[in-house]
Amino acid sequence: MSKYDFDLFVIGAGSGGVRSARLAAQLGQRVGVAEESKPGGTCVVRGCVPKKYLVYGAEYGAAIEGAQKYGWSVGEVSFDWAALRDSIQTEVDRLSGIYATILEKNGATLFRERAEFVDKHTVKLVSSGKEVTAKTILIAVGGRPWMPEIKGYEHAIMSDDAFLLDSLPERVLIIGGGYIACEFAGIFAGMGVKTVQAYRGSRLLNGFDPEVRVEAGVLQENNGIDTRYNISPKEIKKTTGGYIVTFDDGSKIGTDLVFMATGRKAHTKGLGLENAGVKVDESGAVKVDKYSKTSVSNIYAVGDVTNRVNLTPVAIREGVAFVETVFKDNKTAYDHTQIASAVFTRPPIGVVGYTEPEARQKFKDDVTVYTTSFRPMKNVLVGKSQKCFMKLITQGEDEVVIGIHIVGDDSPEIIQALGICVKAGVTKAQFDSTCAVHPTLAEEIVTLKPREPNKTTVVS
Ligand code: NDP
């Protein structure tokens, strides 16, 4: 009989935590899970899922407009924010319930309260005051939105709040140029809110391929978003009619809602990691090795709390690898390369593999770049100028495809399939030998021509 209450105790019932707990419980391990909020974590409760529903909601506006060009007569239309918000929350609650059920059905014990470390084998359940022990502990507490504490920062909202707004503002100012800022700017603008997006850099989506970054700026503007670059907020002042935000260049923007989308940080504050000896980096993220083991041999961490690649499917894969390593005696490290991802702007962006600067840095001149830009046929009848952009990067004489970047409708769906090709090391010749599916947007990926050598491009 084990001297511990549990074989595994998981702190956090998000994507990584629940997958790990379920798999370990299915192997017959005695598993406990603590969750201080709704089960499901960021993805289900205040991230991917409700965000995607908001994007769908925003897209209907443009679809209704376009419908008339496709022969439909459309009467007076209006948008009811509260109706959409509430139906999304109902769905969030349903999914959260499924997460709890998955745990319970597989024999794990779910504690609906916060847990903090007492020592390396003991956690305290904060509301009940109960202490439980476990042979192995998994930290899967995720991240939380973060904002710089500029003067008046308390007037701003962050992404968690955005899902629950009482009403839509007439004007919104979104600060940031990353995933969340770009996606929410598209959502608000699509719902008719006068949207300004202010970013401290010169191109949105830092870290993405430079040409994709240019396209991201274009699509935001095509959606009516007023994008301002090279400005950082310094102060938020409440006025009688809303807020005035002052920037470092002295400019001021008036708005009804200030939304800081300035990043996320690991949610480790107050977790008592020091009681267990678990080391964190300067941003507060838990340090782990390739097997997700922390500085303490019986404590592991997966997902955003480790700040590796902060995406739901990655947390899940890290959780699977953790269970293989610890409970199946099969040391498994999740491979964090060539992970496809998407930004749900309107249209969205789908990417996998190297950006051009990354490829050129690693492979120098041994890189060939193929690009195309065209107006998708769906946009022609409605008179929309928004183009689709595609970029494919190959390496070596064999021209192995090492990067694909698409800005256009359905690109997240397309990139999921193309991610398999990149992971499998498929060559450009194999792409070209694949027959096109016509008429589609995706067919262009099998007929790409090299970018003209003298064509100027953005390289940084
Ligand atoms: P990001 O790191 O993507 O973006 C943060 C933005 O805030 C950047 O533009 C950054 O500028 C800016 N910023 C940071 N600090 C300041 C500051 N002090 N003043 C002004 N601007 C500042 O974070 P997000 O919150 O958008 O997203 C967090 C993570 O969540 C993502 O990296 C991604 O992993 C995940 N996510 C994934 C989604 C998806 O898969 N579709 C959707 C949403 C989130 P700079 O670029 O100059 O650093």
# chains A, B, ... in the order shown; residues from 1 in each chain; ligands from 1
$ residues_around --residues "region 22-25 of chain A" --least-positions-apart "5" --cutoff "7 Å" --atoms "only C-alpha atoms" --output "number ranges by chain"
A: 30-31, 103, 106-108, 323, 327
$ write_last_selection --atoms "N, CA and C atoms" --output "PDB file, in the first residue's frame"
ATOM      1  N   ARG A  30      -4.111   6.058  -8.974  1.00  0.00           N
ATOM      2  CA  ARG A  30      -5.067   6.813  -8.146  1.00  0.00           C
ATOM      3  C   ARG A  30      -4.761   8.296  -8.361  1.00  0.00           C
ATOM      4  N   VAL A  31      -5.732   8.994  -8.977  1.00  0.00           N
ATOM      5  CA  VAL A  31      -5.459  10.363  -9.431  1.00  0.00           C
ATOM      6  C   VAL A  31      -6.378  11.372  -8.747  1.00  0.00           C
ATOM      7  N   LEU A 103     -13.128  13.225 -16.063  1.00  0.00           N
ATOM      8  CA  LEU A 103     -12.265  12.891 -14.917  1.00  0.00           C
ATOM      9  C   LEU A 103     -12.960  11.881 -14.017  1.00  0.00           C
ATOM     10  N   ASN A 106     -13.485   8.323 -15.280  1.00  0.00           N
ATOM     11  CA  ASN A 106     -12.259   7.515 -15.340  1.00  0.00           C
ATOM     12  C   ASN A 106     -11.668   7.249 -13.960  1.00  0.00           C
ATOM     13  N   GLY A 107     -12.402   7.674 -12.941  1.00  0.00           N
ATOM     14  CA  GLY A 107     -12.005   7.320 -11.577  1.00  0.00           C
ATOM     15  C   GLY A 107     -11.104   8.329 -10.895  1.00  0.00           C
ATOM     16  N   ALA A 108     -10.875   9.491 -11.523  1.00  0.00           N
ATOM     17  CA  ALA A 108     -10.075  10.530 -10.850  1.00  0.00           C
ATOM     18  C   ALA A 108     -10.971  11.307  -9.883  1.00  0.00           C
ATOM     19  N   VAL A 323       2.691  11.097 -19.241  1.00  0.00           N
ATOM     20  CA  VAL A 323       2.109   9.826 -18.778  1.00  0.00           C
ATOM     21  C   VAL A 323       2.943   8.647 -19.302  1.00  0.00           C
ATOM     22  N   PHE A 327       4.320   6.828 -16.123  1.00  0.00           N
ATOM     23  CA  PHE A 327       3.456   5.705 -15.743  1.00  0.00           C
ATOM     24  C   PHE A 327       3.518   4.510 -16.698  1.00  0.00           C
TER      25      PHE A 327
END
$ residues_near_ligand --ligand "ligand 1" --cutoff "7 Å" --atoms "only C-alpha atoms and all ligand atoms" --output "count of residues only"
31
$ residues_around --residues "region 156-161 of chain A" --least-positions-apart "6" --cutoff "12 Å" --atoms "only C-alpha atoms" --output "PyMOL selection string"
chain A and resi 41-48+50-51+85+143-150+167+172-176+179-185+233+235-238+242-245+255-264
$ atom_distance --atom1 "CA of Tyr300 (chain A)" --atom2 "CA of Val288 (chain A)"
7.4 Å
$ residues_around --residues "Thr332 (chain A)" --least-positions-apart "4" --cutoff "12 Å" --atoms "only C-alpha atoms" --output "CSV table (one decimal) with N, CA, C and O atoms, in the first residue's frame"
chain,number,residue,atom,x,y,z
A,289,ASP,N,12.7,20.0,-18.0
A,289,ASP,CA,13.5,19.4,-19.0
A,289,ASP,C,12.7,18.9,-20.1
A,289,ASP,O,11.5,19.1,-20.1
A,290,LYS,N,13.3,18.1,-21.1
A,290,LYS,CA,12.5,17.7,-22.2
A,290,LYS,C,11.4,16.7,-21.9
A,290,LYS,O,10.5,16.4,-22.7
A,291,TYR,N,11.5,16.1,-20.7
A,291,TYR,CA,10.4,15.2,-20.3
A,291,TYR,C,9.4,15.9,-19.4
A,291,TYR,O,8.6,15.2,-18.7
A,292,SER,N,9.4,17.2,-19.4
A,292,SER,CA,8.5,18.0,-18.5
A,292,SER,C,8.8,17.9,-17.0
A,292,SER,O,7.9,18.1,-16.2
A,293,LYS,N,9.9,17.3,-16.7
A,293,LYS,CA,10.3,17.2,-15.3
A,293,LYS,C,10.8,18.5,-14.8
A,293,LYS,O,11.7,19.2,-15.4
A,317,ARG,N,-0.2,17.2,-25.9
A,317,ARG,CA,0.8,16.3,-26.3
A,317,ARG,C,1.9,16.1,-25.2
A,317,ARG,O,2.5,15.1,-24.9
A,318,GLU,N,2.2,17.3,-24.5
A,318,GLU,CA,3.1,17.2,-23.4
A,318,GLU,C,2.6,16.3,-22.3
A,318,GLU,O,3.3,15.5,-21.6
A,319,GLY,N,1.2,16.4,-22.0
A,319,GLY,CA,0.6,15.5,-21.0
A,319,GLY,C,0.7,14.1,-21.4
A,319,GLY,O,1.0,13.2,-20.5
A,320,VAL,N,0.5,13.8,-22.7
A,320,VAL,CA,0.6,12.4,-23.1
A,320,VAL,C,2.0,11.9,-22.9
A,320,VAL,O,2.2,10.7,-22.4
A,321,ALA,N,3.0,12.7,-23.3
A,321,ALA,CA,4.4,12.3,-23.1
A,321,ALA,C,4.7,12.1,-21.6
A,321,ALA,O,5.5,11.2,-21.3
A,322,PHE,N,4.2,12.9,-20.8
A,322,PHE,CA,4.4,12.8,-19.3
A,322,PHE,C,3.9,11.5,-18.8
A,322,PHE,O,4.6,10.8,-18.1
A,323,VAL,N,2.7,11.1,-19.2
A,323,VAL,CA,2.1,9.8,-18.8
A,323,VAL,C,2.9,8.6,-19.3
A,323,VAL,O,3.2,7.7,-18.6
A,324,GLU,N,3.4,8.7,-20.6
A,324,GLU,CA,4.2,7.7,-21.1
A,324,GLU,C,5.5,7.5,-20.3
A,324,GLU,O,5.9,6.4,-19.9
A,325,THR,N,6.1,8.6,-20.0
A,325,THR,CA,7.4,8.6,-19.2
A,325,THR,C,7.2,8.1,-17.8
A,325,THR,O,8.0,7.3,-17.4
A,326,VAL,N,6.2,8.7,-17.1
A,326,VAL,CA,6.1,8.4,-15.7
A,326,VAL,C,5.4,7.1,-15.4
A,326,VAL,O,5.7,6.4,-14.5
A,327,PHE,N,4.3,6.8,-16.1
A,327,PHE,CA,3.5,5.7,-15.7
A,327,PHE,C,3.5,4.5,-16.7
A,327,PHE,O,2.9,3.5,-16.4
A,328,LYS,N,4.2,4.7,-17.8
A,328,LYS,CA,4.3,3.5,-18.8
A,328,LYS,C,5.8,3.1,-19.0
A,328,LYS,O,6.0,2.3,-19.9
$ residues_around --residues "Asp365 (chain A)" --least-positions-apart "5" --cutoff "10 Å" --atoms "only C-alpha atoms" --output "number ranges by chain"
A: 359-360, 395-396
$ write_last_selection --atoms "N, CA and C atoms" --output "CSV table (one decimal), in the first residue's frame"
chain,number,residue,atom,x,y,z
A,359,ALA,N,14.6,30.4,-41.9
A,359,ALA,CA,15.2,29.5,-42.9
A,359,ALA,C,16.5,30.0,-43.4
A,360,ARG,N,16.6,31.3,-43.7
A,360,ARG,CA,17.8,31.9,-44.3
A,360,ARG,C,18.9,31.9,-43.2
A,395,GLN,N,14.0,23.7,-48.8
A,395,GLN,CA,15.5,23.7,-48.5
A,395,GLN,C,16.2,22.6,-49.2
A,396,GLY,N,17.4,22.9,-49.7
A,396,GLY,CA,18.2,21.9,-50.3
A,396,GLY,C,17.9,21.6,-51.8
$ select_by_dssp --residues "region 120-208 of chain A" --states "helix (DSSP H, G or I)" --output "list in words"
Tyr153, Glu154, His155, Ser159, Asp160, Asp161, Ala162, Tyr179, Ile180, Ala181, Cys182, Glu183, Phe184, Ala185, Gly186, Ile187, Phe188, Ala189 and Gly190 of chain A
$ write_last_selection --atoms "all heavy atoms" --output "CSV table (one decimal), in the first residue's frame"
chain,number,residue,atom,x,y,z
A,153,TYR,N,-3.8,51.8,-15.3
A,153,TYR,CA,-4.0,50.5,-15.9
A,153,TYR,C,-5.3,49.8,-15.4
A,153,TYR,O,-5.9,48.9,-16.1
A,153,TYR,CB,-2.8,49.6,-15.7
A,153,TYR,CG,-2.7,49.0,-14.4
A,153,TYR,CD1,-3.2,47.7,-14.1
A,153,TYR,CD2,-2.1,49.7,-13.3
A,153,TYR,CE1,-3.1,47.2,-12.8
A,153,TYR,CE2,-2.0,49.2,-12.0
A,153,TYR,CZ,-2.5,47.9,-11.8
A,153,TYR,OH,-2.4,47.4,-10.5
A,154,GLU,N,-5.7,50.1,-14.2
A,154,GLU,CA,-6.9,49.5,-13.7
A,154,GLU,C,-8.2,49.7,-14.5
A,154,GLU,O,-9.2,49.1,-14.3
A,154,GLU,CB,-7.1,49.9,-12.2
A,154,GLU,CG,-7.4,51.3,-11.9
A,154,GLU,CD,-6.2,52.3,-11.9
A,154,GLU,OE1,-5.1,51.8,-12.2
A,154,GLU,OE2,-6.4,53.5,-11.7
A,155,HIS,N,-8.1,50.7,-15.4
A,155,HIS,CA,-9.3,51.0,-16.2
A,155,HIS,C,-9.4,50.1,-17.4
A,155,HIS,O,-10.4,50.1,-18.1
A,155,HIS,CB,-9.3,52.5,-16.7
A,155,HIS,CG,-9.3,53.5,-15.6
A,155,HIS,ND1,-10.2,53.5,-14.7
A,155,HIS,CD2,-8.4,54.5,-15.4
A,155,HIS,CE1,-10.0,54.5,-13.8
A,155,HIS,NE2,-8.9,55.1,-14.2
A,159,SER,N,-8.2,39.9,-21.8
A,159,SER,CA,-9.0,39.0,-22.6
A,159,SER,C,-10.1,38.2,-21.8
A,159,SER,O,-11.2,38.0,-22.2
A,159,SER,CB,-8.2,38.0,-23.4
A,159,SER,OG,-7.3,37.3,-22.5
A,160,ASP,N,-9.7,37.9,-20.5
A,160,ASP,CA,-10.7,37.1,-19.7
A,160,ASP,C,-12.0,37.9,-19.6
A,160,ASP,O,-13.1,37.3,-19.5
A,160,ASP,CB,-10.1,36.9,-18.3
A,160,ASP,CG,-9.1,35.8,-18.2
A,160,ASP,OD1,-8.7,35.3,-19.3
A,160,ASP,OD2,-8.6,35.5,-17.1
A,161,ASP,N,-11.9,39.2,-19.4
A,161,ASP,CA,-13.1,40.1,-19.2
A,161,ASP,C,-13.9,40.2,-20.5
A,161,ASP,O,-15.1,40.5,-20.5
A,161,ASP,CB,-12.7,41.5,-18.8
A,161,ASP,CG,-11.6,41.4,-17.7
A,161,ASP,OD1,-11.9,40.8,-16.6
A,161,ASP,OD2,-10.5,42.0,-17.8
A,162,ALA,N,-13.2,40.1,-21.7
A,162,ALA,CA,-13.8,40.5,-22.9
A,162,ALA,C,-15.0,39.6,-23.2
A,162,ALA,O,-16.0,40.0,-23.9
A,162,ALA,CB,-12.8,40.4,-24.1
A,179,TYR,N,-1.4,37.6,-31.1
A,179,TYR,CA,-2.6,36.7,-31.4
A,179,TYR,C,-3.9,37.4,-30.9
A,179,TYR,O,-4.8,37.6,-31.6
A,179,TYR,CB,-2.5,35.4,-30.7
A,179,TYR,CG,-1.6,34.3,-31.3
A,179,TYR,CD1,-0.2,34.4,-31.0
A,179,TYR,CD2,-2.1,33.3,-32.0
A,179,TYR,CE1,0.6,33.4,-31.5
A,179,TYR,CE2,-1.3,32.3,-32.5
A,179,TYR,CZ,0.1,32.3,-32.3
A,179,TYR,OH,0.9,31.3,-32.7
A,180,ILE,N,-3.9,37.6,-29.6
A,180,ILE,CA,-5.2,38.0,-29.0
A,180,ILE,C,-5.6,39.4,-29.5
A,180,ILE,O,-6.8,39.6,-29.8
A,180,ILE,CB,-5.0,38.0,-27.4
A,180,ILE,CG1,-4.8,36.5,-27.0
A,180,ILE,CG2,-6.3,38.6,-26.7
A,180,ILE,CD1,-4.7,36.3,-25.5
A,181,ALA,N,-4.6,40.3,-29.6
A,181,ALA,CA,-5.0,41.7,-30.0
A,181,ALA,C,-5.5,41.6,-31.5
A,181,ALA,O,-6.6,42.2,-31.8
A,181,ALA,CB,-3.7,42.6,-30.0
A,182,CYS,N,-4.9,40.9,-32.3
A,182,CYS,CA,-5.3,40.8,-33.7
A,182,CYS,C,-6.7,40.1,-33.8
A,182,CYS,O,-7.6,40.6,-34.6
A,182,CYS,CB,-4.3,40.1,-34.6
A,182,CYS,SG,-2.8,41.0,-34.8
A,183,GLU,N,-6.9,39.0,-33.1
A,183,GLU,CA,-8.1,38.3,-33.2
A,183,GLU,C,-9.3,39.1,-32.6
A,183,GLU,O,-10.3,39.2,-33.3
A,183,GLU,CB,-8.0,37.0,-32.4
A,183,GLU,CG,-7.1,36.0,-33.1
A,183,GLU,CD,-6.9,34.7,-32.4
A,183,GLU,OE1,-7.2,34.6,-31.1
A,183,GLU,OE2,-6.4,33.7,-33.0
A,184,PHE,N,-9.1,39.8,-31.5
A,184,PHE,CA,-10.2,40.5,-30.9
A,184,PHE,C,-10.5,41.8,-31.7
A,184,PHE,O,-11.6,42.3,-31.7
A,184,PHE,CB,-9.9,40.8,-29.4
A,184,PHE,CG,-10.5,39.7,-28.5
A,184,PHE,CD1,-9.7,38.7,-28.1
A,184,PHE,CD2,-11.9,39.8,-28.2
A,184,PHE,CE1,-10.3,37.7,-27.3
A,184,PHE,CE2,-12.4,38.7,-27.4
A,184,PHE,CZ,-11.6,37.7,-27.0
A,185,ALA,N,-9.5,42.4,-32.3
A,185,ALA,CA,-9.7,43.6,-33.1
A,185,ALA,C,-10.7,43.2,-34.3
A,185,ALA,O,-11.6,43.9,-34.6
A,185,ALA,CB,-8.4,44.1,-33.7
A,186,GLY,N,-10.4,42.0,-34.8
A,186,GLY,CA,-11.3,41.5,-35.9
A,186,GLY,C,-12.7,41.2,-35.4
A,186,GLY,O,-13.7,41.4,-36.1
A,187,ILE,N,-12.8,40.7,-34.2
A,187,ILE,CA,-14.1,40.4,-33.6
A,187,ILE,C,-14.9,41.6,-33.4
A,187,ILE,O,-16.0,41.8,-33.9
A,187,ILE,CB,-13.9,39.6,-32.3
A,187,ILE,CG1,-13.4,38.2,-32.6
A,187,ILE,CG2,-15.2,39.6,-31.5
A,187,ILE,CD1,-12.9,37.4,-31.3
A,188,PHE,N,-14.3,42.6,-32.7
A,188,PHE,CA,-15.0,43.8,-32.4
A,188,PHE,C,-15.4,44.6,-33.7
A,188,PHE,O,-16.5,45.0,-33.8
A,188,PHE,CB,-14.2,44.8,-31.5
A,188,PHE,CG,-14.2,44.4,-30.0
A,188,PHE,CD1,-13.1,43.9,-29.4
A,188,PHE,CD2,-15.4,44.5,-29.3
A,188,PHE,CE1,-13.1,43.6,-28.1
A,188,PHE,CE2,-15.4,44.1,-28.0
A,188,PHE,CZ,-14.3,43.7,-27.3
A,189,ALA,N,-14.4,44.7,-34.6
A,189,ALA,CA,-14.8,45.4,-35.8
A,189,ALA,C,-15.9,44.7,-36.6
A,189,ALA,O,-16.8,45.4,-37.1
A,189,ALA,CB,-13.5,45.5,-36.7
A,190,GLY,N,-15.9,43.4,-36.6
A,190,GLY,CA,-16.9,42.6,-37.3
A,190,GLY,C,-18.3,42.8,-36.7
A,190,GLY,O,-19.3,42.6,-37.3
$ residues_around --residues "Ile137 (chain A)" --least-positions-apart "6" --cutoff "6 Å" --atoms "only C-alpha atoms" --output "number ranges by chain"
A: 8-10, 299
$ closest_residue --among "A:Leu84, A:Ser297, A:Leu441, A:Gly71" --to "Thr136 (chain A)" --atoms "only C-alpha atoms"
A:Ser297
$ closest_residue --among "A:Glu356, A:Asp398, A:Asp409, A:Asp248" --to "Lys378 (chain A)" --atoms "only C-alpha atoms"
A:Asp409
$ residues_around --residues "region 370-375 of chain A" --least-positions-apart "3" --cutoff "9 Å" --atoms "only C-alpha atoms" --output "JSON, numbers by chain"
{"A": [378, 379, 380, 384, 385, 386, 387, 388, 389, 390, 391, 392, 393, 394, 444, 445, 448, 449, 450, 451, 452]}
$ atom_distance --atom1 "CA of Leu110 (chain A)" --atom2 "CA of Glu35 (chain A)"
7.5 Å
$ atom_distance --atom1 "CA of Ala216 (chain A)" --atom2 "CA of Ile349 (chain A)"
8.2 Å
$ closest_residue --among "A:Ala63, A:Ala266, A:Ile316, A:Ile404" --to "Val426 (chain A)" --atoms "only C-alpha atoms"
A:Ile404
$ decode --residues "region 99-110 of chain A" --atoms "all heavy atoms" --output "short mmCIF file (atom, residue, chain, number, x, y, z; two decimals), in the first residue's frame"
data_model
loop_
_atom_site.label_atom_id
_atom_site.label_comp_id
_atom_site.auth_asym_id
_atom_site.auth_seq_id
_atom_site.Cartn_x
_atom_site.Cartn_y
_atom_site.Cartn_z
N TYR A 99 -15.65 18.04 -19.25
CA TYR A 99 -14.30 17.86 -18.71
C TYR A 99 -14.36 17.23 -17.32
O TYR A 99 -13.58 16.33 -16.99
CB TYR A 99 -13.56 19.20 -18.66
CG TYR A 99 -12.76 19.49 -19.91
CD1 TYR A 99 -13.41 19.71 -21.13
CD2 TYR A 99 -11.38 19.51 -19.90
CE1 TYR A 99 -12.70 19.93 -22.29
CE2 TYR A 99 -10.65 19.74 -21.05
CZ TYR A 99 -11.31 19.95 -22.25
OH TYR A 99 -10.60 20.17 -23.40
N ALA A 100 -15.29 17.74 -16.48
CA ALA A 100 -15.41 17.19 -15.12
C ALA A 100 -15.85 15.73 -15.20
O ALA A 100 -15.33 14.86 -14.47
CB ALA A 100 -16.41 18.02 -14.33
N THR A 101 -16.80 15.45 -16.09
CA THR A 101 -17.32 14.08 -16.21
C THR A 101 -16.23 13.12 -16.66
O THR A 101 -16.14 11.99 -16.17
CB THR A 101 -18.50 14.06 -17.22
OG1 THR A 101 -19.41 15.05 -16.82
CG2 THR A 101 -19.18 12.72 -17.25
N ILE A 102 -15.39 13.58 -17.62
CA ILE A 102 -14.30 12.73 -18.12
C ILE A 102 -13.43 12.28 -16.95
O ILE A 102 -13.05 11.12 -16.83
CB ILE A 102 -13.42 13.50 -19.14
CG1 ILE A 102 -14.13 13.62 -20.48
CG2 ILE A 102 -12.05 12.84 -19.32
CD1 ILE A 102 -13.44 14.53 -21.48
N LEU A 103 -13.13 13.22 -16.06
CA LEU A 103 -12.27 12.89 -14.92
C LEU A 103 -12.96 11.88 -14.02
O LEU A 103 -12.40 10.85 -13.65
CB LEU A 103 -11.93 14.15 -14.13
CG LEU A 103 -10.99 15.13 -14.83
CD1 LEU A 103 -10.84 16.42 -14.03
CD2 LEU A 103 -9.61 14.49 -15.02
N GLU A 104 -14.20 12.22 -13.67
CA GLU A 104 -14.90 11.38 -12.70
C GLU A 104 -15.18 9.97 -13.26
O GLU A 104 -15.00 8.98 -12.57
CB GLU A 104 -16.18 12.08 -12.24
CG GLU A 104 -15.85 13.16 -11.20
CD GLU A 104 -16.82 14.32 -11.12
OE1 GLU A 104 -17.86 14.29 -11.80
OE2 GLU A 104 -16.50 15.29 -10.38
N LYS A 105 -15.58 9.92 -14.53
CA LYS A 105 -15.88 8.61 -15.17
C LYS A 105 -14.65 7.70 -15.20
O LYS A 105 -14.77 6.49 -15.19
CB LYS A 105 -16.35 8.83 -16.61
CG LYS A 105 -17.84 8.92 -16.72
CD LYS A 105 -18.27 8.67 -18.15
CE LYS A 105 -19.78 8.65 -18.24
NZ LYS A 105 -20.23 9.05 -19.56
N ASN A 106 -13.49 8.32 -15.28
CA ASN A 106 -12.26 7.51 -15.34
C ASN A 106 -11.67 7.25 -13.96
O ASN A 106 -10.56 6.73 -13.84
CB ASN A 106 -11.23 8.18 -16.26
CG ASN A 106 -11.60 7.97 -17.72
OD1 ASN A 106 -11.45 6.87 -18.25
ND2 ASN A 106 -12.13 9.00 -18.34
N GLY A 107 -12.40 7.67 -12.94
CA GLY A 107 -12.01 7.32 -11.58
C GLY A 107 -11.10 8.33 -10.89
O GLY A 107 -10.62 8.08 -9.78
N ALA A 108 -10.88 9.49 -11.52
CA ALA A 108 -10.07 10.53 -10.85
C ALA A 108 -10.97 11.31 -9.88
O ALA A 108 -12.18 11.40 -10.09
CB ALA A 108 -9.48 11.47 -11.88
N THR A 109 -10.38 11.84 -8.82
CA THR A 109 -11.15 12.63 -7.86
C THR A 109 -10.91 14.11 -8.15
O THR A 109 -9.77 14.56 -8.15
CB THR A 109 -10.68 12.32 -6.42
OG1 THR A 109 -10.71 10.90 -6.24
CG2 THR A 109 -11.55 13.00 -5.38
N LEU A 110 -12.01 14.84 -8.41
CA LEU A 110 -11.88 16.26 -8.73
C LEU A 110 -12.19 17.11 -7.51
O LEU A 110 -13.28 16.99 -6.93
CB LEU A 110 -12.83 16.62 -9.88
CG LEU A 110 -12.92 18.10 -10.26
CD1 LEU A 110 -11.57 18.65 -10.74
CD2 LEU A 110 -13.99 18.30 -11.36
#
